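Heads up, final_19.txt below (compact mmCIF, C-alpha atoms):
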# COMPACT_ATOMS: atom_id res chain seq x y z
CA MET D 1 -58.70 -33.33 73.32
CA LEU D 2 -57.35 -35.70 70.68
CA ILE D 3 -58.15 -39.39 70.82
CA ASN D 4 -57.12 -42.46 68.87
CA LEU D 5 -53.75 -41.02 67.95
CA PRO D 6 -51.30 -43.52 66.49
CA LYS D 7 -48.43 -44.43 68.74
CA SER D 8 -45.42 -42.24 68.02
CA PRO D 9 -42.47 -44.20 66.66
CA ASP D 10 -39.42 -44.46 68.85
CA PRO D 11 -36.71 -42.42 67.08
CA TYR D 12 -34.02 -44.44 68.82
CA ALA D 13 -35.28 -47.61 67.18
CA TYR D 14 -33.98 -46.44 63.82
CA PRO D 15 -30.36 -46.29 62.65
CA SER D 16 -28.62 -42.92 62.63
CA ALA D 17 -28.16 -41.23 59.25
CA PRO D 18 -24.47 -42.25 58.98
CA GLU D 19 -25.37 -45.85 59.90
CA LEU D 20 -28.10 -45.87 57.24
CA ILE D 21 -25.67 -44.55 54.61
CA ILE D 22 -23.13 -47.22 55.58
CA ASP D 23 -25.80 -49.92 55.34
CA LYS D 24 -27.06 -48.78 51.93
CA LEU D 25 -23.59 -48.37 50.44
CA SER D 26 -22.44 -51.73 51.87
CA SER D 27 -25.36 -53.56 50.30
CA ALA D 28 -25.13 -51.78 46.93
CA THR D 29 -24.33 -54.14 44.07
CA GLN D 30 -23.32 -51.36 41.70
CA PRO D 31 -21.81 -47.86 42.08
CA VAL D 32 -24.16 -45.36 43.73
CA THR D 33 -24.93 -41.74 42.88
CA ILE D 34 -25.62 -39.72 46.02
CA LEU D 35 -27.79 -36.59 45.91
CA MET D 36 -27.36 -34.12 48.79
CA THR D 37 -29.57 -31.08 49.26
CA GLY D 38 -28.31 -30.15 52.72
CA PRO D 39 -25.03 -30.21 54.65
CA CYS D 40 -22.68 -33.14 53.96
CA SER D 41 -22.12 -34.01 57.64
CA ASN D 42 -23.81 -37.43 57.61
CA LEU D 43 -22.04 -38.64 54.48
CA VAL D 44 -18.64 -37.57 55.84
CA LEU D 45 -19.34 -39.27 59.18
CA ALA D 46 -20.28 -42.46 57.32
CA LEU D 47 -17.11 -42.36 55.21
CA GLU D 48 -14.97 -41.72 58.29
CA LYS D 49 -16.43 -44.84 59.92
CA ALA D 50 -16.18 -46.94 56.75
CA PRO D 51 -13.62 -45.33 54.37
CA ASP D 52 -13.57 -48.40 52.11
CA LEU D 53 -17.10 -47.50 51.00
CA LYS D 54 -15.72 -44.61 48.92
CA THR D 55 -15.23 -47.17 46.15
CA LYS D 56 -19.01 -47.71 46.06
CA ILE D 57 -19.67 -44.07 45.11
CA GLU D 58 -20.01 -43.28 41.42
CA GLU D 59 -20.82 -39.60 41.89
CA ILE D 60 -21.97 -37.12 44.52
CA VAL D 61 -24.35 -34.39 43.36
CA TRP D 62 -24.53 -31.66 45.97
CA MET D 63 -26.51 -28.42 46.04
CA ALA D 64 -23.75 -26.39 47.64
CA GLY D 65 -21.26 -23.61 47.20
CA ALA D 66 -20.99 -20.12 45.79
CA PHE D 67 -18.06 -19.49 43.46
CA ARG D 68 -18.55 -16.29 41.47
CA THR D 69 -21.52 -14.89 43.36
CA ASN D 70 -22.47 -13.85 46.87
CA GLY D 71 -23.48 -16.49 49.36
CA ASN D 72 -26.91 -16.88 50.96
CA VAL D 73 -25.90 -16.81 54.63
CA GLN D 74 -27.17 -13.66 56.26
CA THR D 75 -26.25 -13.77 59.91
CA PHE D 76 -24.80 -11.29 62.35
CA GLN D 77 -21.14 -10.46 61.69
CA HIS D 78 -20.91 -12.49 58.50
CA ASP D 79 -19.68 -11.05 55.25
CA GLY D 80 -22.31 -12.87 53.15
CA SER D 81 -19.83 -14.94 51.14
CA ALA D 82 -20.90 -18.42 52.31
CA GLU D 83 -23.52 -20.76 50.91
CA TRP D 84 -25.66 -22.29 53.64
CA ASN D 85 -24.99 -26.03 53.13
CA VAL D 86 -21.23 -25.48 53.32
CA PHE D 87 -21.50 -22.88 56.10
CA TRP D 88 -23.48 -25.29 58.30
CA ASP D 89 -20.52 -27.68 58.58
CA PRO D 90 -17.38 -26.29 56.94
CA VAL D 91 -15.11 -28.94 58.50
CA SER D 92 -17.07 -31.80 56.91
CA SER D 93 -17.32 -29.83 53.65
CA GLN D 94 -13.54 -29.45 53.58
CA LYS D 95 -13.12 -33.18 54.24
CA LEU D 96 -15.55 -34.13 51.48
CA VAL D 97 -13.68 -32.02 48.94
CA SER D 98 -10.37 -33.54 50.08
CA TYR D 99 -11.62 -37.08 49.35
CA GLU D 100 -11.39 -36.32 45.61
CA LEU D 101 -14.52 -38.32 44.88
CA PRO D 102 -16.49 -37.52 41.71
CA LEU D 103 -18.28 -34.43 43.04
CA THR D 104 -20.71 -32.30 41.05
CA LEU D 105 -21.78 -29.13 42.83
CA ILE D 106 -24.91 -27.24 41.89
CA PRO D 107 -23.87 -23.87 43.38
CA LEU D 108 -25.71 -20.61 43.90
CA ASP D 109 -24.11 -19.41 40.66
CA VAL D 110 -26.57 -21.73 38.90
CA THR D 111 -29.57 -21.75 41.24
CA ASN D 112 -29.70 -17.94 41.29
CA HIS D 113 -31.05 -18.19 37.73
CA VAL D 114 -34.20 -20.01 38.86
CA PRO D 115 -36.02 -17.89 41.45
CA VAL D 116 -39.47 -18.88 42.66
CA THR D 117 -41.30 -15.81 41.39
CA LYS D 118 -44.92 -14.79 41.83
CA LYS D 119 -45.27 -15.12 38.05
CA PHE D 120 -44.14 -18.76 38.28
CA LEU D 121 -46.57 -19.42 41.14
CA SER D 122 -49.39 -17.72 39.22
CA THR D 123 -48.71 -19.99 36.26
CA LEU D 124 -48.93 -23.03 38.53
CA ALA D 125 -52.21 -21.71 39.93
CA THR D 126 -53.73 -21.72 36.42
CA GLN D 127 -52.92 -25.44 36.10
CA ILE D 128 -55.20 -26.55 38.91
CA ASP D 129 -56.59 -29.39 36.77
CA TYR D 130 -53.16 -31.03 36.72
CA LYS D 131 -52.61 -32.85 40.01
CA LEU D 132 -48.86 -32.37 40.19
CA SER D 133 -49.03 -28.69 39.23
CA ASN D 134 -51.80 -28.17 41.77
CA LEU D 135 -49.81 -29.89 44.54
CA THR D 136 -46.63 -28.02 43.60
CA GLY D 137 -48.45 -24.70 43.63
CA GLN D 138 -49.93 -25.38 47.05
CA LEU D 139 -46.55 -26.38 48.50
CA TRP D 140 -44.76 -23.34 47.08
CA ALA D 141 -47.59 -21.06 48.24
CA LEU D 142 -46.69 -22.01 51.82
CA THR D 143 -43.34 -20.27 51.37
CA LEU D 144 -44.67 -16.87 50.31
CA ASP D 145 -44.83 -15.32 53.75
CA THR D 146 -42.01 -17.21 55.46
CA ILE D 147 -39.11 -15.00 54.38
CA PRO D 148 -39.38 -11.23 53.82
CA SER D 149 -39.10 -10.66 50.08
CA TYR D 150 -37.26 -7.34 50.49
CA HIS D 151 -34.36 -9.24 51.99
CA TYR D 152 -34.41 -12.73 50.56
CA THR D 153 -36.26 -14.95 48.16
CA TYR D 154 -36.60 -18.64 47.45
CA PHE D 155 -34.83 -20.24 44.55
CA MET D 156 -35.19 -23.75 43.18
CA TRP D 157 -32.08 -24.88 45.00
CA ASP D 158 -32.93 -28.53 45.64
CA LEU D 159 -35.16 -28.92 42.58
CA LEU D 160 -32.39 -27.85 40.26
CA ALA D 161 -29.88 -30.18 41.90
CA THR D 162 -32.37 -33.06 41.66
CA SER D 163 -33.12 -32.31 38.01
CA TYR D 164 -29.42 -32.78 37.22
CA LEU D 165 -29.91 -36.50 37.86
CA ALA D 166 -32.66 -36.73 35.25
CA ILE D 167 -31.39 -34.30 32.60
CA PRO D 168 -27.62 -33.88 33.00
CA ASP D 169 -27.30 -33.00 29.30
CA GLN D 170 -29.20 -29.75 30.02
CA PHE D 171 -26.36 -28.58 32.29
CA THR D 172 -22.99 -27.18 31.32
CA THR D 173 -20.30 -28.19 33.77
CA GLU D 174 -16.77 -26.99 34.37
CA ILE D 175 -13.93 -28.12 36.58
CA VAL D 176 -13.31 -25.62 39.38
CA LYS D 177 -10.53 -25.60 41.94
CA ALA D 178 -11.90 -24.51 45.29
CA ILE D 179 -10.76 -24.19 48.87
CA VAL D 180 -13.23 -24.66 51.70
CA SER D 181 -12.33 -22.38 54.57
CA THR D 182 -13.11 -23.57 58.07
CA ARG D 183 -12.44 -20.14 59.52
CA PRO D 184 -15.14 -17.51 59.90
CA PRO D 185 -15.17 -14.99 57.07
CA THR D 186 -14.16 -11.42 57.72
CA PRO D 187 -17.14 -9.78 59.36
CA VAL D 188 -18.91 -6.88 57.72
CA LYS D 189 -17.40 -3.63 58.94
CA PRO D 190 -19.93 -1.43 60.71
CA ILE D 191 -20.90 1.84 59.09
CA TRP D 192 -20.80 3.53 62.47
CA THR D 193 -19.48 2.78 65.94
CA LEU D 194 -20.71 3.59 69.42
CA THR D 195 -18.29 5.00 71.93
CA ALA D 196 -19.19 4.96 75.60
CA THR D 197 -18.16 8.02 77.57
CA ASN D 198 -18.35 8.77 81.27
Would you mind giving the structure from this file in structure tokens?
Amino acid sequence: MLINLPKSPDPYAYPSAPELIIDKLSSATQPVTILMTGPCSNLVLALEKAPDLKTKIEEIVWMAGAFRTNGNVQTFQHDGSAEWNVFWDPVSSQKLVSYELPLTLIPLDVTNHVPVTKKFLSTLATQIDYKLSNLTGQLWALTLDTIPSYHYTYFMWDLLATSYLAIPDQFTTEIVKAIVSTRPPTPVKPIWTLTATN
């Protein structure tokens, strides 16, 4: 039995994510850079409600997309071409691209170069005397058994996108024309089929 638990906050007492984005952009006194490490649904909903706020956006940095590499969506009857943050809400992704706002994508083409390897984690483990390295090592260690390594691995998806804000000069960028499809990709063709007979 647990006692003296703090009272749980009422989630309905807080603004929704789109409302919070509208509030923050409305009150901004200078252009804002937005970092997204998940689907773009909330930002698109906010801009649909308050389209004039597009002028408040200096740049959007988004960990999303896969251009010249395979995607990271591995679900039944999917051809593996999609990146998860776009796949989660392709309609909003298509809308965001159509807005022609300054948009910098950090796609899988880039993040695939920074896997979270056991060697990297072992290096962090040797830096136990450094508080941030110690904390980082402990947090990454939680991921080791969450996804089977024979099938998938973690990469520094969000970390790399975030680091772009601090060290953009360490990145090489290019302008890419892309189309976001809102239709399901062609499913993987089965190697074999079952035929029912009477």
- [ ] Tell me which of D:Leu160, D:Ile175, D:Val97, D:Val180 sits closest to Ser81 in chain D, counting all atoms listed in the file.
- [x] D:Val180
Task: Test item: residues at most 12 Å from range 132-146 of chain D, only C-alpha atoms, excluding those fewer than 4 positions along its chain, as a PyMOL selection string - done: chain D and resi 115-128+150-156+159
Open item on the list: As an exercise, work out the distance from CA of Pro15 in chain D to CA of Ile60 in chain D in Å and give it to one decimal place.
Closed with: 22.0 Å
Task: CA of Glu83 in chain D to CA of Gly71 in chain D, straight-line distance in Å - done: 4.5 Å
Open item on the list: To one decimal place in Å, what is the distance between CA of Gln170 in chain D and CA of Glu58 in chain D?
Closed with: 19.9 Å
Open item on the list: List the spatial neighbours of Ser163 in chain D as a list in words - criterion: any atom at most 12 Å away, all atoms listed in the file, same-chain residues fewer than 3 positions off excluded.
Closed with: Leu35, Thr37, Val61, Trp62, Met63, Ile106, Thr111, Met156, Trp157, Asp158, Leu159, Leu160, Ala166, Ile167, Pro168, Asp169, Gln170 and Phe171 of chain D
Within 8 Å of Phe67 in chain D, counting all atoms listed in the file, which residues show up once you throw out same-chain ones fewer than 5 positions away? Write them as a JSON list (two decimals) with C-alpha atoms, keeping the file's coordinate frame, please.
[["chain", "number", "residue", "atom", "x", "y", "z"],
["D", 107, "PRO", "CA", -23.87, -23.87, 43.38],
["D", 108, "LEU", "CA", -25.71, -20.61, 43.90],
["D", 109, "ASP", "CA", -24.11, -19.41, 40.66]]
Open item on the list: I'd like to know which of D:Asp52, D:Asp129, D:Asp89, D:Glu100 is closest to Thr182 in chain D, using only C-alpha atoms.
Closed with: D:Asp89
TODO: Would you mind telling me which residue in D:Ala82, D:Ile34, D:Ala17, D:Ala50 lies nearest to Tyr164 in chain D when using only C-alpha atoms?
DONE: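 Of D:Ala82, D:Ile34, D:Ala17, D:Ala50, the one nearest Tyr164 in chain D is D:Ile34, counting only C-alpha atoms.
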Task: Long-range neighbours of range 18-23 of chain D as a list in words, 6 Å cut-off, only C-alpha atoms, 6 positions minimum in chain - done: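 Non-adjacent residues within range: Asn42, Leu45 and Ala46 of chain D.
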